[in-house]
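input_15.tsv follows; it contains TSV, C-alpha atoms.
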chain	number	residue	atom	x	y	z
X	1	MET	CA	45.21	17.76	50.92
X	2	ILE	CA	44.30	16.14	54.28
X	3	TRP	CA	47.67	17.16	55.71
X	4	ALA	CA	46.59	20.81	55.85
X	5	HIS	CA	43.45	19.80	57.76
X	6	ILE	CA	45.35	17.92	60.48
X	7	THR	CA	48.02	20.55	61.01
X	8	ASN	CA	45.62	23.52	60.98
X	9	VAL	CA	42.30	22.21	62.24
X	10	ARG	CA	39.02	24.14	61.99
X	11	LEU	CA	36.07	22.80	64.00
X	12	GLU	CA	34.08	25.92	64.93
X	13	GLN	CA	31.36	25.08	62.41
X	14	PHE	CA	30.62	21.62	63.82
X	15	ALA	CA	28.29	21.01	66.74
X	16	ASP	CA	29.87	19.05	69.55
X	17	PRO	CA	28.01	15.88	70.47
X	18	LEU	CA	25.53	16.07	73.35
X	19	LEU	CA	27.49	13.44	75.30
X	20	PHE	CA	30.53	15.73	75.40
X	21	ARG	CA	28.44	18.63	76.68
X	22	LEU	CA	26.93	16.41	79.39
X	23	LEU	CA	30.40	15.19	80.41
X	24	ASP	CA	31.88	18.71	80.32
X	25	VAL	CA	34.36	17.92	77.55
X	26	PRO	CA	35.39	21.30	76.13
X	27	LYS	CA	34.53	21.84	72.47
X	28	PRO	CA	37.62	22.14	70.28
X	29	LEU	CA	37.45	25.18	68.00
X	30	ARG	CA	40.69	25.21	66.07
X	31	ALA	CA	44.37	24.36	66.14
X	32	ASP	CA	46.86	26.73	64.55
X	33	LEU	CA	50.27	25.59	63.40
X	34	LEU	CA	52.80	28.23	64.41
X	35	THR	CA	56.06	26.52	63.42
X	36	GLU	CA	56.51	23.45	61.21
X	37	GLY	CA	58.88	20.57	61.90
X	38	VAL	CA	60.17	18.72	64.93
X	39	GLY	CA	60.35	21.15	67.85
X	40	GLY	CA	57.73	23.36	66.22
X	41	CYS	CA	54.52	24.44	67.89
X	42	ARG	CA	50.77	24.30	67.39
X	43	THR	CA	48.14	25.91	69.63
X	44	ALA	CA	44.75	24.25	70.09
X	45	HIS	CA	41.89	26.53	71.19
X	46	PHE	CA	38.71	25.40	72.98
X	47	ALA	CA	35.28	26.95	73.59
X	48	ASN	CA	36.02	27.23	77.33
X	49	GLY	CA	38.71	29.82	76.53
X	50	LYS	CA	41.53	27.40	77.40
X	51	LYS	CA	44.21	26.07	75.08
X	52	PHE	CA	46.88	23.43	74.64
X	53	GLU	CA	50.36	24.28	73.47
X	54	GLN	CA	51.49	21.32	71.41
X	55	ARG	CA	55.16	20.66	70.70
X	56	ILE	CA	55.81	18.73	67.51
X	57	LEU	CA	57.62	15.46	68.24
X	58	ARG	CA	57.54	13.91	64.76
X	59	TRP	CA	57.00	15.65	61.44
X	60	GLU	CA	56.82	13.66	58.22
X	61	PRO	CA	54.63	15.67	55.83
X	62	HIS	CA	51.65	13.75	54.42
X	63	THR	CA	52.53	10.68	56.52
X	64	HIS	CA	53.01	11.26	60.25
X	65	TYR	CA	52.47	14.12	62.68
X	66	ALA	CA	53.01	13.62	66.44
X	67	PHE	CA	52.87	16.16	69.25
X	68	SER	CA	52.91	16.55	73.01
X	69	PHE	CA	49.99	18.04	74.94
X	70	ASN	CA	50.75	20.94	77.24
X	71	PRO	CA	47.42	22.20	78.59
X	72	GLU	CA	47.46	25.52	80.34
X	73	PRO	CA	46.75	25.49	84.08
X	74	GLY	CA	43.07	25.30	84.90
X	75	PHE	CA	42.15	23.27	81.81
X	76	ARG	CA	39.45	21.00	83.18
X	77	VAL	CA	37.61	18.11	81.55
X	78	GLY	CA	34.74	16.12	82.97
X	79	TYR	CA	34.11	18.59	85.81
X	80	LEU	CA	36.98	17.27	87.92
X	81	PHE	CA	39.98	16.39	85.75
X	82	GLU	CA	42.67	19.10	85.78
X	83	LEU	CA	44.67	18.12	82.68
X	84	SER	CA	47.86	19.96	83.58
X	85	ALA	CA	48.34	18.41	87.02
X	86	GLY	CA	45.54	16.00	87.85
X	87	MET	CA	44.86	12.28	88.07
X	88	PHE	CA	44.20	12.13	84.31
X	89	ARG	CA	46.81	13.65	82.00
X	90	MET	CA	47.00	13.93	78.24
X	91	LEU	CA	50.58	13.20	77.16
X	92	ALA	CA	50.84	13.00	73.37
X	93	GLY	CA	48.91	12.52	70.17
X	94	ALA	CA	49.73	11.39	66.65
X	95	TYR	CA	48.05	11.46	63.27
X	96	GLU	CA	49.09	8.88	60.70
X	97	LEU	CA	48.18	8.89	57.02
X	98	HIS	CA	48.50	6.05	54.54
X	99	GLU	CA	46.98	5.13	51.20
X	100	ASP	CA	44.67	2.13	51.04
X	101	ALA	CA	42.97	1.08	47.78
X	102	ASN	CA	42.56	4.52	46.21
X	103	HIS	CA	41.78	6.49	49.36
X	104	THR	CA	43.62	8.01	52.29
X	105	VAL	CA	43.27	6.44	55.72
X	106	LEU	CA	43.77	8.81	58.66
X	107	THR	CA	44.24	7.49	62.19
X	108	LEU	CA	44.67	9.33	65.48
X	109	ARG	CA	46.33	7.94	68.59
X	110	THR	CA	46.38	9.56	72.02
X	111	GLU	CA	48.70	8.72	74.90
X	112	TYR	CA	47.45	9.49	78.38
X	113	SER	CA	48.01	8.51	81.97
X	114	VAL	CA	45.65	7.84	84.82
X	115	GLN	CA	46.80	8.00	88.43
X	116	ARG	CA	47.65	4.48	89.55
X	117	ASN	CA	45.24	4.27	92.50
X	118	MET	CA	42.30	5.47	90.33
X	119	ARG	CA	43.12	3.45	87.20
X	120	TRP	CA	40.74	0.59	88.03
X	121	LEU	CA	37.82	3.02	88.23
X	122	LEU	CA	38.63	5.54	85.50
X	123	LEU	CA	40.49	3.70	82.75
X	124	GLY	CA	37.40	2.22	81.05
X	125	PRO	CA	35.29	5.39	80.94
X	126	ILE	CA	38.25	7.58	79.93
X	127	THR	CA	39.23	5.19	77.12
X	128	ALA	CA	35.63	5.15	75.83
X	129	VAL	CA	35.23	8.94	75.87
X	130	LEU	CA	38.63	9.44	74.20
X	131	TYR	CA	37.67	6.96	71.48
X	132	LEU	CA	34.44	8.89	70.81
X	133	PHE	CA	36.31	12.22	70.89
X	134	GLN	CA	38.86	10.95	68.37
X	135	ARG	CA	36.05	9.74	66.08
X	136	TYR	CA	34.47	13.19	66.30
X	137	LEU	CA	37.78	14.86	65.38
X	138	LEU	CA	38.50	12.48	62.50
X	139	ARG	CA	34.98	12.82	61.07
X	140	SER	CA	35.22	16.62	61.27
X	141	ILE	CA	38.62	16.64	59.56
X	142	LYS	CA	37.25	14.36	56.84
X	143	ARG	CA	34.25	16.64	56.27
X	144	ASN	CA	36.54	19.68	56.03
X	145	ALA	CA	38.77	17.92	53.49
X	146	GLU	CA	35.77	16.74	51.44
X	147	HIS	CA	34.30	20.25	51.48
X	148	GLU	CA	37.61	21.67	50.26
X	149	THR	CA	37.77	19.06	47.48
X	150	MET	CA	34.22	19.92	46.36
X	151	LYS	CA	35.14	23.62	46.20
X	152	LEU	CA	38.08	22.77	43.93
X	153	PHE	CA	35.88	20.76	41.57
X	154	ARG	CA	33.35	23.60	41.29
X	155	LYS	CA	35.98	26.03	40.02
Once more with this new file: its structure as structure tokens, please.
Amino acid sequence: MIWAHITNVRLEQFADPLLFRLLDVPKPLRADLLTEGVGGCRTAHFANGKKFEQRILRWEPHTHYAFSFNPEPGFRVGYLFELSAGMFRMLAGAYELHEDANHTVLTLRTEYSVQRNMRWLLLGPITAVLYLFQRYLLRSIKRNAEHETMKLFRK
């Protein structure tokens, strides 16, 4: 059941944390899977009107889903980071699912690069904000899956 919530993500209904608004981190709205499987495509849409085209790098249903980030030109984060060509670049992401003592554990990894001469200054803050952003995404996905489960039990 969680698989559907990581391949087609819906976040419009969740408020983005104040910290992200202060740091100018665009609010994710949804991600739509266009084509399944390795080489397939998903588009992630954000409240700033920008989007990422994500190419699927690994596709193992209900276990592993990895993708590259391809932000459109002009996609800015944190007021000054141009994600398609700047000093901070999002490279790839991956969701992993596994069972652990009667429940599903979902993890999210993100690969990114920081320009070498700015790494000493930016690596810590970027890592911290990405960690918080991933927690926000994972919590939202969990709430969507739990809501869906509750709807099934009510029927």
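Once Gly40 (chain X) and its same-chain neighbours fewer than 6 positions away are set aside, Leu33, Leu34, Gln54, Arg55, Ile56, Leu57, Arg58, Trp59 and Phe67 of chain X remain within 10 Å of it when counting all atoms listed in the file.
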Would you mind reading off the distance between CA of His45 (chain X) and CA of Arg89 (chain X), one decimal, in Å? 17.5 Å
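For the pair CA of Ala44 (chain X) and CA of Val105 (chain X), the separation is 22.9 Å.
Going from CA of Asn8 (chain X) to CA of Pro125 (chain X) covers 28.9 Å.
Closest approach to Asn48 (chain X) among X:Arg76, X:Asp32, X:Tyr95, X:Leu22 is made by X:Arg76 (distances from all atoms listed in the file).
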Would you kindly place N, CA and C atoms on region 46-81 of chain X and return the model as a compact mmCIF listing (two decimals), in the frame of the given file?
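Everything below was put into rebuild10.txt:
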# COMPACT_ATOMS: atom_id res chain seq x y z
N PHE X 46 39.96 26.05 72.60
CA PHE X 46 38.71 25.40 72.98
C PHE X 46 37.66 26.44 73.36
N ALA X 47 36.40 26.04 73.31
CA ALA X 47 35.28 26.95 73.59
C ALA X 47 35.28 27.47 75.03
N ASN X 48 35.96 26.78 75.95
CA ASN X 48 36.02 27.23 77.33
C ASN X 48 37.07 28.32 77.54
N GLY X 49 37.69 28.78 76.44
CA GLY X 49 38.71 29.82 76.53
C GLY X 49 40.10 29.29 76.84
N LYS X 50 40.23 28.00 77.08
CA LYS X 50 41.53 27.40 77.40
C LYS X 50 42.20 26.90 76.12
N LYS X 51 43.49 26.57 76.24
CA LYS X 51 44.21 26.07 75.08
C LYS X 51 45.30 25.08 75.50
N PHE X 52 45.73 24.33 74.51
CA PHE X 52 46.88 23.43 74.64
C PHE X 52 47.99 24.02 73.79
N GLU X 53 49.18 24.02 74.29
CA GLU X 53 50.36 24.28 73.47
C GLU X 53 50.88 22.89 73.10
N GLN X 54 51.04 22.63 71.85
CA GLN X 54 51.49 21.32 71.41
C GLN X 54 52.86 21.44 70.75
N ARG X 55 53.82 20.71 71.29
CA ARG X 55 55.16 20.66 70.70
C ARG X 55 55.21 19.50 69.72
N ILE X 56 55.75 19.76 68.54
CA ILE X 56 55.81 18.73 67.51
C ILE X 56 56.97 17.78 67.81
N LEU X 57 56.64 16.50 67.92
CA LEU X 57 57.62 15.46 68.24
C LEU X 57 58.09 14.71 66.99
N ARG X 58 57.21 14.60 66.01
CA ARG X 58 57.54 13.91 64.76
C ARG X 58 56.82 14.62 63.63
N TRP X 59 57.54 14.88 62.55
CA TRP X 59 57.00 15.65 61.44
C TRP X 59 57.46 15.01 60.14
N GLU X 60 56.57 14.27 59.52
CA GLU X 60 56.82 13.66 58.22
C GLU X 60 55.64 14.05 57.34
N PRO X 61 55.77 15.16 56.59
CA PRO X 61 54.63 15.67 55.83
C PRO X 61 53.90 14.60 55.02
N HIS X 62 52.58 14.64 55.13
CA HIS X 62 51.65 13.75 54.42
C HIS X 62 51.72 12.30 54.88
N THR X 63 52.41 12.05 56.00
CA THR X 63 52.53 10.68 56.52
C THR X 63 52.31 10.60 58.02
N HIS X 64 53.05 11.40 58.80
CA HIS X 64 53.01 11.26 60.25
C HIS X 64 53.22 12.61 60.93
N TYR X 65 52.38 12.88 61.92
CA TYR X 65 52.47 14.12 62.68
C TYR X 65 52.18 13.79 64.14
N ALA X 66 53.17 13.94 65.02
CA ALA X 66 53.01 13.62 66.44
C ALA X 66 53.36 14.85 67.26
N PHE X 67 52.69 14.98 68.42
CA PHE X 67 52.87 16.16 69.25
C PHE X 67 52.61 15.84 70.71
N SER X 68 53.19 16.66 71.58
CA SER X 68 52.91 16.55 73.01
C SER X 68 51.77 17.49 73.36
N PHE X 69 51.05 17.17 74.42
CA PHE X 69 49.99 18.04 74.94
C PHE X 69 50.56 18.81 76.12
N ASN X 70 50.35 20.10 76.12
CA ASN X 70 50.75 20.94 77.24
C ASN X 70 49.59 21.87 77.56
N PRO X 71 48.58 21.36 78.28
CA PRO X 71 47.42 22.20 78.59
C PRO X 71 47.79 23.29 79.58
N GLU X 72 47.18 24.44 79.40
CA GLU X 72 47.46 25.52 80.34
C GLU X 72 46.79 25.20 81.68
N PRO X 73 47.33 25.74 82.76
CA PRO X 73 46.75 25.49 84.08
C PRO X 73 45.27 25.86 84.11
N GLY X 74 44.49 25.05 84.79
CA GLY X 74 43.07 25.30 84.90
C GLY X 74 42.25 24.66 83.80
N PHE X 75 42.90 23.95 82.88
CA PHE X 75 42.15 23.27 81.81
C PHE X 75 41.51 22.03 82.40
N ARG X 76 40.19 22.09 82.55
CA ARG X 76 39.45 21.00 83.18
C ARG X 76 38.60 20.28 82.15
N VAL X 77 38.45 18.97 82.37
CA VAL X 77 37.61 18.11 81.55
C VAL X 77 36.81 17.23 82.50
N GLY X 78 35.55 17.01 82.16
CA GLY X 78 34.74 16.12 82.97
C GLY X 78 34.50 16.63 84.38
N TYR X 79 34.40 17.92 84.54
CA TYR X 79 34.11 18.59 85.81
C TYR X 79 35.22 18.49 86.84
N LEU X 80 36.01 17.42 86.85
CA LEU X 80 36.98 17.27 87.92
C LEU X 80 38.40 16.96 87.49
N PHE X 81 38.64 16.74 86.20
CA PHE X 81 39.98 16.39 85.75
C PHE X 81 40.75 17.62 85.32
